[in-house]
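Participant: Take a look at target.cif, mmCIF, C-alpha atoms:
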```cif
data_target
#
loop_
_atom_site.label_atom_id
_atom_site.label_comp_id
_atom_site.auth_asym_id
_atom_site.auth_seq_id
_atom_site.Cartn_x
_atom_site.Cartn_y
_atom_site.Cartn_z
CA MET Q 3 323.41 152.83 245.88
CA ILE Q 4 319.83 152.29 246.98
CA LEU Q 5 318.15 149.41 245.29
CA PHE Q 6 314.42 149.45 245.09
CA GLU Q 7 311.35 147.99 243.56
CA ASN Q 8 307.72 148.95 243.55
CA GLN Q 9 304.61 147.55 241.95
CA LEU Q 10 300.95 148.24 241.50
CA TYR Q 11 297.92 146.44 240.11
CA ILE Q 12 294.67 148.12 239.13
CA GLU Q 13 291.51 146.99 237.38
CA PHE Q 14 288.81 149.11 235.85
CA PRO Q 15 285.77 148.79 233.56
CA SER Q 16 286.25 149.18 229.80
CA LYS Q 17 285.29 152.80 229.43
CA ARG Q 18 287.33 155.19 227.32
CA ASP Q 19 286.72 157.94 229.86
CA TYR Q 20 289.27 156.27 232.15
CA ILE Q 21 292.15 156.15 229.65
CA ASP Q 22 293.58 159.63 230.13
CA PHE Q 23 293.10 159.59 233.90
CA VAL Q 24 294.80 156.22 234.38
CA SER Q 25 297.72 156.90 232.02
CA ASN Q 26 298.43 160.26 233.68
CA LYS Q 27 298.30 158.76 237.17
CA VAL Q 28 300.62 155.89 236.27
CA VAL Q 29 303.19 158.16 234.61
CA SER Q 30 303.08 160.52 237.56
CA ALA Q 31 303.45 157.64 240.06
CA VAL Q 32 306.43 156.00 238.35
CA ASN Q 33 308.10 159.40 237.89
CA THR Q 34 307.78 160.17 241.59
CA ILE Q 35 309.30 156.82 242.53
CA ALA Q 36 312.12 157.04 239.99
CA GLN Q 37 313.00 160.62 240.92
CA GLU Q 38 312.99 159.92 244.64
CA VAL Q 39 315.39 157.02 244.26
CA HIS Q 40 317.51 158.95 241.79
CA SER Q 41 317.94 161.83 244.23
CA GLN Q 42 318.85 159.43 247.05
CA ASN Q 43 321.62 158.03 244.93
CA ILE Q 44 323.11 161.36 243.91
CA THR Q 45 325.61 163.15 246.09
CA ASP Q 46 325.88 166.30 244.00
CA ASP Q 47 323.33 168.83 245.28
CA ALA Q 48 323.03 170.53 241.90
CA LEU Q 49 321.81 167.34 240.31
CA ILE Q 50 319.28 166.58 243.04
CA SER Q 51 317.17 169.62 242.34
CA GLN Q 52 317.00 168.86 238.64
CA ASP Q 53 313.56 167.91 237.45
CA LEU Q 54 314.38 164.82 235.51
CA ASN Q 55 310.95 163.79 234.30
CA ILE Q 56 312.33 160.38 233.49
CA PHE Q 57 309.10 159.17 231.93
CA GLY Q 58 307.37 161.73 229.76
CA PHE Q 59 305.47 162.06 226.52
CA GLY Q 60 306.44 158.67 225.08
CA MET Q 61 305.49 156.75 228.22
CA ASN Q 62 302.19 158.58 228.54
CA LEU Q 63 301.40 157.87 224.90
CA SER Q 64 302.35 154.18 225.12
CA ILE Q 65 300.07 153.59 228.13
CA ASP Q 66 297.31 155.61 226.44
CA GLU Q 67 297.54 153.50 223.26
CA ALA Q 68 297.78 150.17 225.12
CA LEU Q 69 294.69 151.01 227.22
CA LYS Q 70 292.78 152.16 224.16
CA ASN Q 71 293.63 148.93 222.31
CA ALA Q 72 292.53 146.88 225.35
CA ILE Q 73 289.25 148.74 225.74
CA VAL Q 74 288.28 149.30 222.12
CA HIS Q 75 289.73 146.26 220.31
CA GLY Q 76 290.12 143.74 223.15
CA ASN Q 77 286.98 144.28 225.19
CA LYS Q 78 284.97 145.89 222.36
CA ALA Q 79 284.15 148.76 224.74
CA ASP Q 80 281.94 146.45 226.84
CA PRO Q 81 281.97 148.12 230.29
CA ARG Q 82 281.20 144.77 231.96
CA LYS Q 83 284.64 143.61 230.86
CA LYS Q 84 287.65 144.78 232.81
CA VAL Q 85 291.06 146.07 231.86
CA ALA Q 86 293.92 145.29 234.21
CA LEU Q 87 297.05 147.39 234.38
CA SER Q 88 300.06 146.56 236.48
CA TYR Q 89 303.48 148.08 236.67
CA TYR Q 90 306.72 146.97 238.17
CA ILE Q 91 309.64 149.32 238.59
CA ASN Q 92 313.14 148.73 239.92
CA SER Q 93 316.47 150.52 239.54
CA GLU Q 94 316.94 149.16 236.05
CA ARG Q 95 313.62 149.09 234.31
CA LEU Q 96 309.93 149.85 234.23
CA GLU Q 97 307.51 147.17 233.06
CA ILE Q 98 303.88 147.89 232.33
CA ILE Q 99 301.41 145.12 231.63
CA VAL Q 100 297.97 145.77 230.17
CA ARG Q 101 295.51 142.89 229.88
CA ASP Q 102 291.97 142.74 228.57
CA GLU Q 103 289.27 140.07 228.56
CA GLY Q 104 289.09 139.78 224.80
CA ILE Q 105 290.14 136.89 222.57
CA GLY Q 106 293.46 138.49 221.69
CA PHE Q 107 294.91 139.00 218.23
CA ASP Q 108 297.47 137.40 215.91
CA HIS Q 109 300.46 139.37 217.20
CA LYS Q 110 302.99 137.09 215.48
CA ASN Q 111 301.77 137.98 212.04
CA TYR Q 112 300.81 141.52 212.85
CA LYS Q 113 302.34 144.09 210.57
CA ALA Q 114 301.46 147.73 210.49
CA ASN Q 115 300.58 147.41 206.82
CA MET Q 116 298.68 150.56 206.26
CA GLU Q 117 298.42 153.54 204.02
CA VAL Q 118 300.41 156.43 205.39
CA ASP Q 119 297.27 158.57 205.58
CA ALA Q 120 294.97 155.92 207.10
CA GLU Q 121 292.84 157.29 209.90
CA ALA Q 122 293.52 154.50 212.41
CA GLY Q 123 296.01 151.73 213.21
CA ARG Q 124 299.02 153.58 214.60
CA GLY Q 125 298.78 152.54 218.26
CA LEU Q 126 301.22 149.63 218.23
CA LEU Q 127 303.60 151.43 215.91
CA LEU Q 128 303.87 154.23 218.46
CA ILE Q 129 304.27 151.90 221.45
CA ASN Q 130 306.98 150.01 219.58
CA ASN Q 131 308.88 153.21 218.95
CA PHE Q 132 308.76 154.66 222.43
CA MET Q 133 309.38 151.45 224.37
CA ASP Q 134 312.59 149.43 224.50
CA GLU Q 135 310.81 146.09 224.34
CA ILE Q 136 307.26 144.88 223.89
CA LYS Q 137 305.99 141.34 224.39
CA PHE Q 138 302.61 139.68 224.05
CA ASN Q 139 301.22 136.63 225.78
CA GLU Q 140 300.28 133.71 223.53
CA PRO Q 141 296.62 134.61 222.83
CA GLY Q 142 297.51 138.29 222.47
CA ASN Q 143 295.21 139.81 225.08
CA GLU Q 144 298.13 140.98 227.19
CA ILE Q 145 300.96 143.35 226.29
CA LYS Q 146 304.10 143.88 228.35
CA MET Q 147 305.99 147.12 227.67
CA ILE Q 148 309.50 147.55 229.00
CA LYS Q 149 311.55 150.72 229.34
CA TYR Q 150 315.10 150.59 230.66
CA LEU Q 151 316.18 153.38 232.94
CA GLY Q 152 319.29 155.33 232.11
CA LYS Q 153 320.47 153.62 228.99
CA SER Q 154 317.76 153.15 226.45
CA LYS Q 155 318.03 150.01 224.39
CA THR Q 156 316.25 149.82 221.10
CA ALA Q 157 315.55 146.11 221.12
CA ARG Q 158 312.37 145.27 219.29
CA GLU Q 159 310.16 142.26 219.54
CA ASP Q 160 309.59 140.80 216.14
CA PHE Q 161 305.93 141.45 215.54
CA MET D 4 291.48 172.24 225.15
CA GLU D 5 291.19 175.68 223.56
CA ILE D 6 290.90 176.34 219.86
CA THR D 7 291.04 179.92 218.61
CA THR D 8 290.91 181.18 215.05
CA ARG D 9 292.20 184.29 213.41
CA ASP D 10 291.98 185.49 209.81
CA CYS D 11 295.19 186.42 208.07
CA ASN D 12 294.42 187.55 204.50
CA ASP D 13 292.85 184.52 202.82
CA VAL D 14 294.24 182.16 205.40
CA LYS D 15 292.64 181.07 208.66
CA VAL D 16 295.12 180.50 211.46
CA VAL D 17 293.85 178.03 214.05
CA SER D 18 295.70 177.85 217.38
CA PHE D 19 295.42 174.73 219.53
CA LYS D 20 296.09 174.93 223.23
CA GLY D 21 296.05 171.90 225.51
CA ARG D 22 295.90 168.17 224.92
CA ILE D 23 293.95 166.17 222.35
CA VAL D 24 292.80 163.10 224.28
CA TYR D 25 289.56 161.12 224.35
CA ASP D 26 287.99 163.63 226.75
CA THR D 27 288.71 166.59 224.46
CA GLU D 28 288.17 164.92 221.06
CA GLU D 29 284.59 166.14 220.86
CA ILE D 30 285.67 169.78 221.14
CA VAL D 31 288.26 169.27 218.39
CA LYS D 32 285.73 167.46 216.18
CA ARG D 33 283.15 170.20 216.66
CA GLU D 34 285.57 173.04 215.95
CA THR D 35 287.20 171.36 212.95
CA GLU D 36 283.81 170.52 211.45
CA LYS D 37 283.02 174.24 211.49
CA LEU D 38 286.27 174.86 209.61
CA VAL D 39 285.51 172.18 207.03
CA LYS D 40 282.07 173.72 206.38
CA GLY D 41 283.39 177.28 206.47
CA PRO D 42 284.30 179.40 203.43
CA VAL D 43 288.06 179.54 204.05
CA LYS D 44 289.83 176.35 203.00
CA ASN D 45 293.38 177.56 203.51
CA LEU D 46 294.14 176.61 207.08
CA VAL D 47 297.22 176.86 209.27
CA PHE D 48 297.09 174.83 212.48
CA ASN D 49 299.44 176.36 215.02
CA PHE D 50 300.43 173.57 217.43
CA GLY D 51 302.76 175.70 219.56
CA GLU D 52 300.68 175.10 222.67
CA LEU D 53 299.45 171.63 221.82
CA THR D 54 301.27 169.46 224.34
CA TYR D 55 299.77 166.04 223.63
CA ILE D 56 298.08 164.05 220.90
CA ASN D 57 297.54 160.30 220.50
CA SER D 58 296.77 158.05 217.52
CA SER D 59 293.04 158.86 217.67
CA GLY D 60 293.87 162.55 217.53
CA LEU D 61 296.15 161.98 214.55
CA GLY D 62 293.29 160.12 212.84
CA LEU D 63 291.05 163.08 213.47
CA LEU D 64 293.58 165.48 211.90
CA ILE D 65 293.94 163.25 208.83
CA ASN D 66 290.17 163.21 208.46
CA VAL D 67 290.11 167.02 208.49
CA LEU D 68 293.01 167.20 206.03
CA LYS D 69 291.28 164.86 203.55
CA GLN D 70 288.05 166.86 203.66
CA ILE D 71 289.85 170.18 203.24
CA ARG D 72 292.00 168.89 200.37
CA ALA D 73 288.87 167.49 198.69
CA ALA D 74 287.59 171.09 198.78
CA LYS D 75 290.82 172.25 197.09
CA GLY D 76 292.26 173.71 200.27
CA ASP D 77 295.03 172.58 202.58
CA VAL D 78 295.86 172.24 206.25
CA LYS D 79 299.42 173.29 207.01
CA LEU D 80 300.92 172.74 210.43
CA SER D 81 303.31 174.99 212.31
CA ASN D 82 305.19 175.37 215.61
CA LEU D 83 305.22 171.68 216.51
CA ARG D 84 306.90 170.86 219.81
CA PRO D 85 309.84 168.42 219.49
CA GLU D 86 307.90 165.45 220.89
CA LEU D 87 305.02 166.08 218.48
CA MET D 88 307.45 166.43 215.59
CA GLU D 89 308.91 163.06 216.59
CA LEU D 90 305.42 161.59 216.53
CA PHE D 91 304.83 162.87 213.01
CA LYS D 92 308.16 161.40 211.88
CA ILE D 93 307.53 157.99 213.46
CA THR D 94 304.17 157.75 211.71
CA SER D 95 305.53 159.24 208.44
CA LEU D 96 302.80 161.85 208.71
CA ASN D 97 305.45 164.50 208.13
CA SER D 98 305.18 163.44 204.48
CA VAL D 99 301.39 163.81 204.50
CA PHE D 100 301.16 167.19 206.21
CA ASP D 101 303.05 170.30 205.16
CA ILE D 102 304.86 171.27 208.37
CA SER D 103 306.53 174.65 208.93
CA PRO D 104 308.69 175.80 211.84
CA ASP D 105 306.59 178.91 212.41
CA GLU D 106 303.19 180.37 211.61
CA GLU D 107 304.44 183.05 209.22
CA THR D 108 306.21 180.52 207.01
CA ALA D 109 303.09 178.37 206.88
CA VAL D 110 300.84 181.34 206.00
CA ASN D 111 303.26 182.53 203.30
CA LYS D 112 303.13 179.15 201.60
CA PHE D 113 299.48 179.87 200.78
CA ILE D 114 300.11 183.43 199.66
CA LYS D 115 302.98 182.55 197.32
CA LYS D 116 300.90 179.90 195.59
#
```
Using the file provided, produce a representation of the structure as structure tokens.
Facilitator:
Amino acid sequence: MILFENQLYIEFPSKRDYIDFVSNKVVSAVNTIAQEVHSQNITDDALISQDLNIFGFGMNLSIDEALKNAIVHGNKADPRKKVALSYYINSERLEIIVRDEGIGFDHKNYKANMEVDAEAGRGLLLINNFMDEIKFNEPGNEIKMIKYLGKSKTAREDF
Amino acid sequence: MEITTRDCNDVKVVSFKGRIVYDTEEIVKRETEKLVKGPVKNLVFNFGELTYINSSGLGLLINVLKQIRAAKGDVKLSNLRPELMELFKITSLNSVFDISPDEETAVNKFIKK
């Protein structure tokens, strides 16, 4: 069994144009790492060639929504303010942290109290559904999203 | 992002191909605005080749739906990929939109009315 870990930190200006590019790159990077290690640990040739795509739609969407929240709500789309994204991946889990330079929000009392046909406000609801755990720092300008590899827990932070 | 339309009796079938993200939202807005202003208010959105949509995209679709329903029409969805269907269930939007497994079923819902 090969144990591994890998991490990355990037910063970029608060422009919505970057959201899709960054989320695609991150998903692609963590998939490459996870698949490489997975194939090293498998002895059955038939399984090695399988395209696992460990992180897919849900991961892409969660990063997309977290970046959008950071840029639009956190930094109020001010391009002078930066968004920082970092990820950490090891054999057990993937953690993605997104931080903005805004004042944060009241994550403890946040409830997705909205009309079902409202035109906005679904970002956190989606992240919460696709991730195994989400955590905020105290002021609420940083979100940590955790996905466990292999077994998927459905633990939820109370928010 | 490609959006193509086709008339099918009194129903307009609109096929979406690609991903609705920030970079392609303008195209979707422009094309759907044409539909809202157009004469045919019975719309079927075929999402068979729509591979991605985020919360902003969902907001955009709801906006179109509200305008079309205000004009006594409807937007029915068809051919959703499993991950998109999951998205509609998570957000309870499957109770807001009329979703059919295939285009024909969606079109027939207008004709039988």
Participant: Within 10 Å of chain Q, which residues of chain D show up? Give each one with its shortest atom-to-atom distance in Å (one decimal) and the two atoms involved, counting only C-alpha atoms, rows by chain then rising residue number, as a Markdown table.
Facilitator:
```
| residue | atom | partner | partner_atom | distance |
| --- | --- | --- | --- | --- |
| D:Val24 | CA | Q:Asp22 | CA | 6.8 |
| D:Tyr25 | CA | Q:Asp19 | CA | 7.0 |
| D:Asp26 | CA | Q:Asp19 | CA | 6.6 |
| D:Thr54 | CA | Q:Phe59 | CA | 8.8 |
| D:Tyr55 | CA | Q:Phe59 | CA | 7.5 |
| D:Ile56 | CA | Q:Leu63 | CA | 8.1 |
| D:Asn57 | CA | Q:Leu63 | CA | 6.3 |
| D:Ser58 | CA | Q:Arg124 | CA | 5.8 |
| D:Ser59 | CA | Q:Ala122 | CA | 6.8 |
| D:Gly60 | CA | Q:Glu121 | CA | 9.3 |
| D:Leu61 | CA | Q:Glu121 | CA | 7.4 |
| D:Gly62 | CA | Q:Glu121 | CA | 4.1 |
| D:Leu63 | CA | Q:Glu121 | CA | 7.0 |
| D:Leu64 | CA | Q:Glu121 | CA | 8.5 |
| D:Ile65 | CA | Q:Glu121 | CA | 6.2 |
| D:Asn66 | CA | Q:Glu121 | CA | 6.7 |
| D:Leu68 | CA | Q:Asp119 | CA | 9.6 |
| D:Lys69 | CA | Q:Asp119 | CA | 8.9 |
| D:Glu86 | CA | Q:Phe59 | CA | 7.0 |
| D:Leu87 | CA | Q:Phe59 | CA | 9.0 |
| D:Glu89 | CA | Q:Gly60 | CA | 9.9 |
| D:Leu90 | CA | Q:Leu128 | CA | 7.8 |
| D:Ile93 | CA | Q:Leu128 | CA | 7.2 |
| D:Thr94 | CA | Q:Arg124 | CA | 7.2 |
| D:Ser95 | CA | Q:Val118 | CA | 6.6 |
| D:Leu96 | CA | Q:Val118 | CA | 6.8 |
| D:Asn97 | CA | Q:Val118 | CA | 9.9 |
| D:Ser98 | CA | Q:Val118 | CA | 8.5 |
| D:Val99 | CA | Q:Asp119 | CA | 6.8 |
| D:Phe100 | CA | Q:Asp119 | CA | 9.5 |
```
Participant: Quick one: residues within 10 Å of Ala109 in chain D, only C-alpha atoms, excluding same-chain residues fewer than 2 positions away - as a PyMOL selection string?
Facilitator: chain D and resi 14+16+46-49+78-82+101-107+111-114
Participant: (301.2, 174.4, 225.3) in this file's frame - what residues fall within 9 Å of it? Use only C-alpha atoms and give the answer as a PyMOL selection string.
Facilitator: chain D and resi 19-22+50-55+84
Participant: Using the chain letters and numbers from this file, what does the PyMOL selection byres ((chain D and resi 43) around 12) select? Give the answer as a list in words.
Facilitator: Thr8, Arg9, Asp10, Cys11, Asn12, Asp13, Val14, Lys15, Val16, Val17, Lys37, Leu38, Val39, Lys40, Gly41, Pro42, Lys44, Asn45, Leu46, Val47, Ile71, Arg72, Ala74, Lys75, Gly76, Asp77, Val78 and Phe113 of chain D
Participant: Could those selected residues go to a file with C-alpha atoms, as a short mmCIF file (atom, residue, chain, number, x, y, z; two decimals), keeping the file's coordinate frame?
Facilitator:
```
data_model
loop_
_atom_site.label_atom_id
_atom_site.label_comp_id
_atom_site.auth_asym_id
_atom_site.auth_seq_id
_atom_site.Cartn_x
_atom_site.Cartn_y
_atom_site.Cartn_z
CA THR D 8 290.91 181.18 215.05
CA ARG D 9 292.20 184.29 213.41
CA ASP D 10 291.98 185.49 209.81
CA CYS D 11 295.19 186.42 208.07
CA ASN D 12 294.42 187.55 204.50
CA ASP D 13 292.85 184.52 202.82
CA VAL D 14 294.24 182.16 205.40
CA LYS D 15 292.64 181.07 208.66
CA VAL D 16 295.12 180.50 211.46
CA VAL D 17 293.85 178.03 214.05
CA LYS D 37 283.02 174.24 211.49
CA LEU D 38 286.27 174.86 209.61
CA VAL D 39 285.51 172.18 207.03
CA LYS D 40 282.07 173.72 206.38
CA GLY D 41 283.39 177.28 206.47
CA PRO D 42 284.30 179.40 203.43
CA LYS D 44 289.83 176.35 203.00
CA ASN D 45 293.38 177.56 203.51
CA LEU D 46 294.14 176.61 207.08
CA VAL D 47 297.22 176.86 209.27
CA ILE D 71 289.85 170.18 203.24
CA ARG D 72 292.00 168.89 200.37
CA ALA D 74 287.59 171.09 198.78
CA LYS D 75 290.82 172.25 197.09
CA GLY D 76 292.26 173.71 200.27
CA ASP D 77 295.03 172.58 202.58
CA VAL D 78 295.86 172.24 206.25
CA PHE D 113 299.48 179.87 200.78
#
```
Participant: Could you list, as an NGL selection string, every residue within 10 Å of Leu5 in chain Q, counting only C-alpha atoms and ignoring same-chain residues fewer than 2 positions away?
Facilitator: :Q and (3 or 7 or 39 or 43 or 92-94)
Participant: Would you save the residues of that selection, restricted to C-alpha atoms, as an mmCIF file, in the frame of the given file?
Facilitator:
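And here's result_22.cif as it stands now:
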```cif
data_model
loop_
_atom_site.group_PDB
_atom_site.id
_atom_site.type_symbol
_atom_site.label_atom_id
_atom_site.label_comp_id
_atom_site.auth_asym_id
_atom_site.auth_seq_id
_atom_site.Cartn_x
_atom_site.Cartn_y
_atom_site.Cartn_z
ATOM 1 C CA MET Q 3 323.410 152.830 245.880
ATOM 2 C CA GLU Q 7 311.350 147.990 243.560
ATOM 3 C CA VAL Q 39 315.390 157.020 244.260
ATOM 4 C CA ASN Q 43 321.620 158.030 244.930
ATOM 5 C CA ASN Q 92 313.140 148.730 239.920
ATOM 6 C CA SER Q 93 316.470 150.520 239.540
ATOM 7 C CA GLU Q 94 316.940 149.160 236.050
#
```
Participant: When you draw a straight line from CA of Ile56 in chain Q to CA of Glu135 in chain Q, how long is it in Å?
Facilitator: 17.0 Å
Participant: Take the PyMOL selection byres ((chain Q and resi 109-113) around 12), apply it to the structure above, and return the hits as a PyMOL selection string.
Facilitator: chain Q and resi 105-108+114-116+123-127+130+136-145+159-161
Participant: Residues of the last selection are to be written out with C-alpha atoms, as a PDB file, in the coordinates of the input.
Facilitator:
```
ATOM      1  CA  ILE Q 105     290.140 136.890 222.570  1.00  0.00           C
ATOM      2  CA  GLY Q 106     293.460 138.490 221.690  1.00  0.00           C
ATOM      3  CA  PHE Q 107     294.910 139.000 218.230  1.00  0.00           C
ATOM      4  CA  ASP Q 108     297.470 137.400 215.910  1.00  0.00           C
ATOM      5  CA  ALA Q 114     301.460 147.730 210.490  1.00  0.00           C
ATOM      6  CA  ASN Q 115     300.580 147.410 206.820  1.00  0.00           C
ATOM      7  CA  MET Q 116     298.680 150.560 206.260  1.00  0.00           C
ATOM      8  CA  GLY Q 123     296.010 151.730 213.210  1.00  0.00           C
ATOM      9  CA  ARG Q 124     299.020 153.580 214.600  1.00  0.00           C
ATOM     10  CA  GLY Q 125     298.780 152.540 218.260  1.00  0.00           C
ATOM     11  CA  LEU Q 126     301.220 149.630 218.230  1.00  0.00           C
ATOM     12  CA  LEU Q 127     303.600 151.430 215.910  1.00  0.00           C
ATOM     13  CA  ASN Q 130     306.980 150.010 219.580  1.00  0.00           C
ATOM     14  CA  ILE Q 136     307.260 144.880 223.890  1.00  0.00           C
ATOM     15  CA  LYS Q 137     305.990 141.340 224.390  1.00  0.00           C
ATOM     16  CA  PHE Q 138     302.610 139.680 224.050  1.00  0.00           C
ATOM     17  CA  ASN Q 139     301.220 136.630 225.780  1.00  0.00           C
ATOM     18  CA  GLU Q 140     300.280 133.710 223.530  1.00  0.00           C
ATOM     19  CA  PRO Q 141     296.620 134.610 222.830  1.00  0.00           C
ATOM     20  CA  GLY Q 142     297.510 138.290 222.470  1.00  0.00           C
ATOM     21  CA  ASN Q 143     295.210 139.810 225.080  1.00  0.00           C
ATOM     22  CA  GLU Q 144     298.130 140.980 227.190  1.00  0.00           C
ATOM     23  CA  ILE Q 145     300.960 143.350 226.290  1.00  0.00           C
ATOM     24  CA  GLU Q 159     310.160 142.260 219.540  1.00  0.00           C
ATOM     25  CA  ASP Q 160     309.590 140.800 216.140  1.00  0.00           C
ATOM     26  CA  PHE Q 161     305.930 141.450 215.540  1.00  0.00           C
TER      27      PHE Q 161
END
```
